[in-house]
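*Asks:* Dropping a structure here in structure tokens format, bear with me for questions.
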Amino acid sequence: MRKFFVHPSIDKQESLTACSDCDLLVSVVEAPAGYAMLCPRCGKTLHRKTESSIAKALALSATGLILYLPAISLPLLTLESFGFSDSANILESILNFYRNDYYFVSLMVLLSAVVFPLVLLSGIFLVSLTLHRQRTSPLLAPIFRLYEHLEEWAMVEVYLLGIMITVIKMGDSADIHFHSGVFCFTALVLTTLAISTVIDRELFWRMIGGDGPLVVRRQPKQEPDGGQSAKGQGLILCRICRLLAPAEHAGQGCPRCGERLHRRKPESYARTWALILTSAILFAPANILPIMRVDFLGIPERSTILDGIIYFFQHGSPLIGFIILTASILVPLFKILGLAIMLSTRPPCNLRRLQQKTRVYRLIAFIGRWSMLDVFVIALLTVLVDFGIFTSIHTAPAATYFCIVVASTMFAAITFDPRIMWDICTAEEESVAVAENPTSS
């Protein structure tokens, strides 16, 4: 995907959009196919242009729906050891959590590996089919809006990595046989990843709800860094469909997608602090308490997340150990500390440092879902290794705490609004400019 930067808008008659991370006002530009438009101030990807996006999304979503049922219901693997054997599929791993009273863990796995992927596939299939037939429907906007909200919560690719780690972990102690379910599930993962890359979101929203042309009726107000913010021009950006609306629409539904409009995310700092503190409090029991119990000949042996990491390093799989260490310990810790620093420190009113801080926020928002890796590995192991009194694997209390930490950090990244950092610095720079040149005000 090739990239180019668009220029900040200064023409009051242009169609406009704004960056969702720094609020810079930019001109709407028709990008060539295969290119991505980037914000010139913070580097945020504003739009990816894909050729034949609707037809590709329709074909891929139809393929995904065909693969979905066998992928979640057929056996993935069979594990054989000392004359015992057992197989597992995704639904059985969820039911096992539920039967052992780990209701929140069961719900998280059910939603992220089963429900949300189906909702996303069905939604994009209905939207792309309707648009491909050049039809319209009032249901398209809420369906595609739901797709935008749920996309990061569907974690089939993380589950696939969990399958790979399970195979590596048990490969030395048991014979593993692959079934058709694992191939269907792998194809499903590749299909969903392909869908996310071919969707031209701006094209979809334009066909669903129109261009929503906007004219700035006042003289543009130049900011100290040479750009203009949407807020400074009395405009609000819809964070779902990226449409600009007059500030008077605050608290109302977006004219194009129906999402409630806000100048900035409501109570962003307070909500993010609450979620970060919740994650920090539960991070200790999630890592200190055992997350898995192995019963061998009636003798239980409990292991924490760190014990599992050490196992891979000691048994010649340092790469897997590093992946679990990163996903299960370093990523949640990085998210907690990173957001806490952003909330508690004064924004660096320096363009380069603000850009760096915004990129860190985008990384935090992207990596959070991968922390579910350990939970998916345990979900498979508890079903695959159930050989009665000989040996069995069970979920332990840390799994619940760990799932809450993952969910809290993901919600924290969603509630945090990076535009506030730019607002504070813009206001300070304006005050300095007025103080240095009072006659210009």
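Please note that chains go A, B, ... in the order of the structure tokens, that every chain numbers its residues from 1, and that ligands are numbered from 1 in the order shown.
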Would you pick out the contacts of A:Thr326 at 10 Å or less, using only C-alpha atoms, so that residues sharing its chain but fewer than 6 positions from it are not included, and give the list as an MDAnalysis selection string?
*Replies:* chainID A and resid 309 320 332:334 370:371
*Asks:* Print the selection's residues with all heavy atoms to a file, as a PDB file, in the first residue's frame.
*Replies:*
```
ATOM      1  N   ILE A 309       5.781 -19.188  30.410  1.00  0.00           N
ATOM      2  CA  ILE A 309       6.818 -18.538  29.607  1.00  0.00           C
ATOM      3  C   ILE A 309       8.163 -19.207  29.834  1.00  0.00           C
ATOM      4  O   ILE A 309       8.909 -19.505  28.887  1.00  0.00           O
ATOM      5  CB  ILE A 309       6.888 -17.039  29.951  1.00  0.00           C
ATOM      6  CG1 ILE A 309       5.583 -16.349  29.544  1.00  0.00           C
ATOM      7  CG2 ILE A 309       8.083 -16.372  29.284  1.00  0.00           C
ATOM      8  CD1 ILE A 309       5.441 -14.946  30.078  1.00  0.00           C
ATOM      9  N   ILE A 320       8.469 -18.669  20.985  1.00  0.00           N
ATOM     10  CA  ILE A 320       7.112 -18.783  21.538  1.00  0.00           C
ATOM     11  C   ILE A 320       7.055 -18.176  22.934  1.00  0.00           C
ATOM     12  O   ILE A 320       6.099 -17.483  23.291  1.00  0.00           O
ATOM     13  CB  ILE A 320       6.668 -20.261  21.572  1.00  0.00           C
ATOM     14  CG1 ILE A 320       6.679 -20.852  20.164  1.00  0.00           C
ATOM     15  CG2 ILE A 320       5.280 -20.389  22.178  1.00  0.00           C
ATOM     16  CD1 ILE A 320       5.796 -20.131  19.179  1.00  0.00           C
ATOM     17  N   PRO A 332      -0.038  -5.701  28.240  1.00  0.00           N
ATOM     18  CA  PRO A 332      -0.909  -5.041  29.229  1.00  0.00           C
ATOM     19  C   PRO A 332      -0.171  -4.012  30.072  1.00  0.00           C
ATOM     20  O   PRO A 332      -0.703  -2.938  30.361  1.00  0.00           O
ATOM     21  CB  PRO A 332      -1.415  -6.211  30.085  1.00  0.00           C
ATOM     22  CG  PRO A 332      -1.286  -7.421  29.224  1.00  0.00           C
ATOM     23  CD  PRO A 332      -0.062  -7.173  28.389  1.00  0.00           C
ATOM     24  N   LEU A 333       1.072  -4.343  30.468  1.00  0.00           N
ATOM     25  CA  LEU A 333       1.844  -3.405  31.278  1.00  0.00           C
ATOM     26  C   LEU A 333       2.154  -2.138  30.484  1.00  0.00           C
ATOM     27  O   LEU A 333       2.043  -1.012  31.007  1.00  0.00           O
ATOM     28  CB  LEU A 333       3.142  -4.077  31.735  1.00  0.00           C
ATOM     29  CG  LEU A 333       3.995  -3.293  32.743  1.00  0.00           C
ATOM     30  CD1 LEU A 333       3.211  -3.063  34.029  1.00  0.00           C
ATOM     31  CD2 LEU A 333       5.286  -4.057  33.038  1.00  0.00           C
ATOM     32  N   PHE A 334       2.517  -2.296  29.221  1.00  0.00           N
ATOM     33  CA  PHE A 334       2.805  -1.144  28.369  1.00  0.00           C
ATOM     34  C   PHE A 334       1.565  -0.268  28.210  1.00  0.00           C
ATOM     35  O   PHE A 334       1.648   0.962  28.235  1.00  0.00           O
ATOM     36  CB  PHE A 334       3.299  -1.636  27.005  1.00  0.00           C
ATOM     37  CG  PHE A 334       3.476  -0.559  25.982  1.00  0.00           C
ATOM     38  CD1 PHE A 334       4.489   0.383  26.108  1.00  0.00           C
ATOM     39  CD2 PHE A 334       2.626  -0.469  24.891  1.00  0.00           C
ATOM     40  CE1 PHE A 334       4.654   1.381  25.159  1.00  0.00           C
ATOM     41  CE2 PHE A 334       2.773   0.523  23.945  1.00  0.00           C
ATOM     42  CZ  PHE A 334       3.796   1.449  24.075  1.00  0.00           C
ATOM     43  N   TRP A 370      -4.181  -8.663  21.399  1.00  0.00           N
ATOM     44  CA  TRP A 370      -3.300  -9.832  21.363  1.00  0.00           C
ATOM     45  C   TRP A 370      -3.024 -10.409  22.742  1.00  0.00           C
ATOM     46  O   TRP A 370      -2.489 -11.517  22.867  1.00  0.00           O
ATOM     47  CB  TRP A 370      -1.992  -9.467  20.653  1.00  0.00           C
ATOM     48  CG  TRP A 370      -2.221  -9.229  19.197  1.00  0.00           C
ATOM     49  CD1 TRP A 370      -2.488  -8.031  18.588  1.00  0.00           C
ATOM     50  CD2 TRP A 370      -2.260 -10.210  18.153  1.00  0.00           C
ATOM     51  NE1 TRP A 370      -2.680  -8.206  17.241  1.00  0.00           N
ATOM     52  CE2 TRP A 370      -2.541  -9.532  16.943  1.00  0.00           C
ATOM     53  CE3 TRP A 370      -2.079 -11.597  18.136  1.00  0.00           C
ATOM     54  CZ2 TRP A 370      -2.648 -10.203  15.729  1.00  0.00           C
ATOM     55  CZ3 TRP A 370      -2.184 -12.253  16.918  1.00  0.00           C
ATOM     56  CH2 TRP A 370      -2.461 -11.561  15.740  1.00  0.00           C
ATOM     57  N   SER A 371      -3.402  -9.684  23.776  1.00  0.00           N
ATOM     58  CA  SER A 371      -3.218 -10.207  25.126  1.00  0.00           C
ATOM     59  C   SER A 371      -4.137 -11.387  25.435  1.00  0.00           C
ATOM     60  O   SER A 371      -3.928 -12.099  26.408  1.00  0.00           O
ATOM     61  CB  SER A 371      -3.459  -9.092  26.154  1.00  0.00           C
ATOM     62  OG  SER A 371      -2.507  -8.061  26.004  1.00  0.00           O
TER      63      SER A 371
END
```
*Asks:* Where does stretch 316-409 of chain A meet stretch 43-67 of chain A within 10 Å, residue by residue, with the nearest atom pair and distance in Å to one decimal for each, counting only C-alpha atoms, listed by chain and rising number, as CSV?
*Replies:*
```
residue,atom,partner,partner_atom,distance
A:Gln355,CA,A:Gly43,CA,7.8
A:Gln356,CA,A:Gly43,CA,9.9
A:Thr358,CA,A:Lys44,CA,8.9
A:Arg359,CA,A:Gly43,CA,8.1
A:Arg362,CA,A:Lys44,CA,8.7
```
*Asks:* Write out as a PyMOL selection string all residues of stretch 290-407 of chain A that backbone DSSP assigns to helix (DSSP H, G or I).
*Replies:* chain A and resi 305-314+318-344+351-384+398-407
*Asks:* For a test of reading the model, state the distance in Å between atom CA of A:Val167 and atom CA of A:Ala154, rounded to one decimal.
*Replies:* 22.4 Å
*Asks:* Quick one: distance from atom CA of A:Pro75 to atom CA of A:Ile404 in Å, one decimal?
*Replies:* 28.5 Å
*Asks:* From the set A:Val105, A:Ala141, A:Ile195, A:Ile236, which residue has the shortest atom-to-atom contact distance to A:Pro117, counting only C-alpha atoms?
*Replies:*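 Ranked by minimum distance to A:Pro117, first place goes to A:Ile195.
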*Asks:* I'd like the contact shell of A:His394 - 7 Å cut-off, only C-alpha atoms, skipping same-chain residues fewer than 5 positions apart - returned as a ChimeraX atom specification.
*Replies:* /A:292-294,382
*Asks:* Could you write out the selected residues, including all heavy atoms, as an mmCIF file, in the first residue's frame?
*Replies:*
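Wrote result.cif, looks like this:
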```
data_model
loop_
_atom_site.group_PDB
_atom_site.id
_atom_site.type_symbol
_atom_site.label_atom_id
_atom_site.label_comp_id
_atom_site.auth_asym_id
_atom_site.auth_seq_id
_atom_site.Cartn_x
_atom_site.Cartn_y
_atom_site.Cartn_z
ATOM 1 N N MET A 292 -3.480 -21.839 35.294
ATOM 2 C CA MET A 292 -3.744 -23.183 34.784
ATOM 3 C C MET A 292 -3.346 -24.206 35.837
ATOM 4 O O MET A 292 -2.364 -24.012 36.557
ATOM 5 C CB MET A 292 -2.950 -23.416 33.483
ATOM 6 C CG MET A 292 -3.218 -24.726 32.792
ATOM 7 S SD MET A 292 -2.414 -24.778 31.158
ATOM 8 C CE MET A 292 -0.676 -24.763 31.637
ATOM 9 N N ARG A 293 -4.137 -25.302 35.953
ATOM 10 C CA ARG A 293 -3.819 -26.389 36.881
ATOM 11 C C ARG A 293 -3.718 -27.705 36.111
ATOM 12 O O ARG A 293 -4.631 -28.058 35.366
ATOM 13 C CB ARG A 293 -4.905 -26.516 37.955
ATOM 14 C CG ARG A 293 -4.532 -27.491 39.071
ATOM 15 C CD ARG A 293 -5.667 -27.716 40.056
ATOM 16 N NE ARG A 293 -6.574 -28.773 39.600
ATOM 17 C CZ ARG A 293 -7.862 -28.609 39.386
ATOM 18 N NH1 ARG A 293 -8.417 -27.414 39.556
ATOM 19 N NH2 ARG A 293 -8.626 -29.621 38.997
ATOM 20 N N VAL A 294 -2.609 -28.405 36.289
ATOM 21 C CA VAL A 294 -2.390 -29.693 35.629
ATOM 22 C C VAL A 294 -2.472 -30.796 36.691
ATOM 23 O O VAL A 294 -1.703 -30.789 37.659
ATOM 24 C CB VAL A 294 -1.024 -29.732 34.915
ATOM 25 C CG1 VAL A 294 -0.830 -31.089 34.239
ATOM 26 C CG2 VAL A 294 -0.914 -28.610 33.900
ATOM 27 N N THR A 382 -7.479 -27.235 27.912
ATOM 28 C CA THR A 382 -8.408 -27.844 28.866
ATOM 29 C C THR A 382 -9.323 -28.874 28.203
ATOM 30 O O THR A 382 -9.828 -29.781 28.872
ATOM 31 C CB THR A 382 -9.275 -26.761 29.537
ATOM 32 O OG1 THR A 382 -9.912 -25.970 28.537
ATOM 33 C CG2 THR A 382 -8.429 -25.875 30.443
#
```
*Asks:* Would you return as a PyMOL selection string the members of stretch 313-432 of chain A that DSSP assigns to strand (DSSP E or B) on this structure's backbone?
*Replies:* chain A and resi 386+391-395
*Asks:* Those same residues - N, CA and C atoms - I'd like them written as a compact mmCIF listing (two decimals), in the first residue's frame.
*Replies:*
```txt
# COMPACT_ATOMS: atom_id res chain seq x y z
N ASP A 386 -7.71 -34.01 28.62
CA ASP A 386 -8.71 -34.41 29.61
C ASP A 386 -8.77 -35.93 29.62
N THR A 391 -4.20 -37.73 33.51
CA THR A 391 -3.77 -36.34 33.45
C THR A 391 -4.88 -35.48 32.85
N SER A 392 -4.98 -34.27 33.33
CA SER A 392 -5.97 -33.31 32.81
C SER A 392 -5.50 -31.90 33.12
N ILE A 393 -5.97 -30.97 32.32
CA ILE A 393 -5.62 -29.56 32.49
C ILE A 393 -6.90 -28.78 32.77
N HIS A 394 -6.82 -27.88 33.75
CA HIS A 394 -7.99 -27.11 34.16
C HIS A 394 -7.63 -25.62 34.24
N THR A 395 -8.65 -24.80 34.08
CA THR A 395 -8.48 -23.35 34.23
C THR A 395 -8.35 -23.00 35.70
```
*Asks:* Name the closest residue to A:Leu380 among the candidates A:Ser229, A:Ser20, A:Ser93, A:Thr409; distances are taken between atoms, counting only C-alpha atoms.
*Replies:*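 Of A:Ser229, A:Ser20, A:Ser93, A:Thr409, the one nearest A:Leu380 is A:Ser93, counting only C-alpha atoms.
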*Asks:* Can you list, as a ChimeraX atom specification, every protein, DNA or RNA residue that comes within 6 Å of stretch 411-427 of chain A when you count only C-alpha atoms, leaving out same-chain residues fewer than 3 positions away?
*Replies:* /A:21-22,268,272,275,347,349,365,408,430
*Asks:* Let's have the selection written as a PDB file, in the first residue's frame, with N, CA, C and O atoms.
*Replies:*
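And here's result05.pdb as it stands now:
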```pdb
ATOM      1  N   ASP A  21      -7.106  11.715  15.187  1.00  0.00           N
ATOM      2  CA  ASP A  21      -6.123  11.685  16.267  1.00  0.00           C
ATOM      3  C   ASP A  21      -5.617  13.067  16.667  1.00  0.00           C
ATOM      4  O   ASP A  21      -5.295  13.285  17.828  1.00  0.00           O
ATOM      5  N   CYS A  22      -5.512  14.002  15.706  1.00  0.00           N
ATOM      6  CA  CYS A  22      -5.007  15.336  16.051  1.00  0.00           C
ATOM      7  C   CYS A  22      -5.966  16.451  15.667  1.00  0.00           C
ATOM      8  O   CYS A  22      -5.693  17.622  15.948  1.00  0.00           O
ATOM      9  N   SER A 268     -13.394  11.874  28.841  1.00  0.00           N
ATOM     10  CA  SER A 268     -12.328  10.985  28.372  1.00  0.00           C
ATOM     11  C   SER A 268     -11.310  10.670  29.459  1.00  0.00           C
ATOM     12  O   SER A 268     -10.993   9.500  29.704  1.00  0.00           O
ATOM     13  N   THR A 272     -10.960   6.974  31.274  1.00  0.00           N
ATOM     14  CA  THR A 272      -9.710   6.262  31.017  1.00  0.00           C
ATOM     15  C   THR A 272      -8.972   5.971  32.315  1.00  0.00           C
ATOM     16  O   THR A 272      -8.434   4.881  32.500  1.00  0.00           O
ATOM     17  N   LEU A 275     -10.604   2.991  34.092  1.00  0.00           N
ATOM     18  CA  LEU A 275     -10.287   1.713  33.463  1.00  0.00           C
ATOM     19  C   LEU A 275      -8.831   1.327  33.675  1.00  0.00           C
ATOM     20  O   LEU A 275      -8.519   0.141  33.894  1.00  0.00           O
ATOM     21  N   PRO A 347       1.116  17.516  28.247  1.00  0.00           N
ATOM     22  CA  PRO A 347       1.464  17.208  26.861  1.00  0.00           C
ATOM     23  C   PRO A 347       2.688  17.999  26.415  1.00  0.00           C
ATOM     24  O   PRO A 347       2.807  19.191  26.707  1.00  0.00           O
ATOM     25  N   CYS A 349       4.468  20.277  24.314  1.00  0.00           N
ATOM     26  CA  CYS A 349       4.035  21.217  23.268  1.00  0.00           C
ATOM     27  C   CYS A 349       5.158  21.438  22.268  1.00  0.00           C
ATOM     28  O   CYS A 349       5.708  22.534  22.118  1.00  0.00           O
ATOM     29  N   ALA A 365      -3.545   1.214  21.131  1.00  0.00           N
ATOM     30  CA  ALA A 365      -4.873   0.817  20.671  1.00  0.00           C
ATOM     31  C   ALA A 365      -4.822  -0.433  19.800  1.00  0.00           C
ATOM     32  O   ALA A 365      -5.768  -1.237  19.798  1.00  0.00           O
ATOM     33  N   SER A 408     -10.429  -4.229  30.117  1.00  0.00           N
ATOM     34  CA  SER A 408     -10.307  -2.871  30.667  1.00  0.00           C
ATOM     35  C   SER A 408      -9.306  -2.035  29.884  1.00  0.00           C
ATOM     36  O   SER A 408      -9.554  -0.852  29.609  1.00  0.00           O
ATOM     37  N   GLU A 430      -1.464  29.646  21.128  1.00  0.00           N
ATOM     38  CA  GLU A 430      -2.253  30.843  20.801  1.00  0.00           C
ATOM     39  C   GLU A 430      -2.070  31.909  21.866  1.00  0.00           C
ATOM     40  O   GLU A 430      -1.969  33.103  21.557  1.00  0.00           O
TER      41      GLU A 430
END
```
*Asks:* Show which residues sit within 10 Å of A:Asp86, as an NGL selection string. Count only C-alpha atoms, and ignore same-chain residues fewer than 2 positions away.
*Replies:* :A and (75 or 77-81 or 84 or 88 or 176 or 383-387)
*Asks:* Could you take the residues named above and write them with N, CA and C atoms, as an mmCIF file, in the first residue's frame?
*Replies:*
```
data_model
loop_
_atom_site.group_PDB
_atom_site.id
_atom_site.type_symbol
_atom_site.label_atom_id
_atom_site.label_comp_id
_atom_site.auth_asym_id
_atom_site.auth_seq_id
_atom_site.Cartn_x
_atom_site.Cartn_y
_atom_site.Cartn_z
ATOM 1 N N PRO A 75 -13.882 -30.565 14.566
ATOM 2 C CA PRO A 75 -12.691 -30.708 15.409
ATOM 3 C C PRO A 75 -11.476 -30.050 14.772
ATOM 4 N N LEU A 77 -8.131 -30.310 16.368
ATOM 5 C CA LEU A 77 -6.983 -31.176 16.621
ATOM 6 C C LEU A 77 -7.416 -32.388 17.424
ATOM 7 N N THR A 78 -6.639 -33.441 17.312
ATOM 8 C CA THR A 78 -6.741 -34.584 18.228
ATOM 9 C C THR A 78 -5.372 -34.810 18.842
ATOM 10 N N LEU A 79 -5.350 -34.973 20.147
ATOM 11 C CA LEU A 79 -4.104 -35.191 20.875
ATOM 12 C C LEU A 79 -4.109 -36.603 21.440
ATOM 13 N N GLU A 80 -3.055 -37.361 21.156
ATOM 14 C CA GLU A 80 -2.929 -38.738 21.635
ATOM 15 C C GLU A 80 -1.689 -38.861 22.513
ATOM 16 N N SER A 81 -1.872 -39.492 23.670
ATOM 17 C CA SER A 81 -0.750 -39.688 24.590
ATOM 18 C C SER A 81 -1.029 -40.880 25.491
ATOM 19 N N PHE A 84 -4.348 -42.575 25.351
ATOM 20 C CA PHE A 84 -5.500 -41.689 25.511
ATOM 21 C C PHE A 84 -5.543 -40.719 24.329
ATOM 22 N N ALA A 88 -10.707 -31.363 20.058
ATOM 23 C CA ALA A 88 -11.300 -30.106 20.521
ATOM 24 C C ALA A 88 -11.748 -29.275 19.339
ATOM 25 N N ILE A 176 -0.073 -35.306 17.673
ATOM 26 C CA ILE A 176 -1.137 -34.365 17.316
ATOM 27 C C ILE A 176 -1.573 -34.620 15.887
ATOM 28 N N VAL A 383 -9.541 -28.743 26.905
ATOM 29 C CA VAL A 383 -10.355 -29.719 26.181
ATOM 30 C C VAL A 383 -9.500 -30.849 25.620
ATOM 31 N N LEU A 384 -8.327 -30.499 25.105
ATOM 32 C CA LEU A 384 -7.461 -31.509 24.493
ATOM 33 C C LEU A 384 -6.855 -32.461 25.511
ATOM 34 N N VAL A 385 -6.521 -31.959 26.688
ATOM 35 C CA VAL A 385 -5.868 -32.784 27.715
ATOM 36 C C VAL A 385 -6.876 -33.036 28.831
ATOM 37 N N ASP A 386 -7.713 -34.007 28.618
ATOM 38 C CA ASP A 386 -8.714 -34.409 29.611
ATOM 39 C C ASP A 386 -8.772 -35.933 29.623
ATOM 40 N N PHE A 387 -7.734 -36.543 30.216
ATOM 41 C CA PHE A 387 -7.575 -37.993 30.205
ATOM 42 C C PHE A 387 -7.930 -38.617 31.549
#
```
*Asks:* Between A:Phe185, A:Arg346, A:Tyr35, A:Val375, which has the minimum distance to A:Leu110 (counting only C-alpha atoms)?
*Replies:*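 Closest to A:Leu110, using only C-alpha atoms: A:Val375.
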*Asks:* May I have the residues within 12 Å of A:Leu111 as a PyMOL selection string, using only C-alpha atoms and disregarding those fewer than 4 positions away in the same chain?
*Replies:* chain A and resi 90-91+94+104-107+115-120+150-156+407
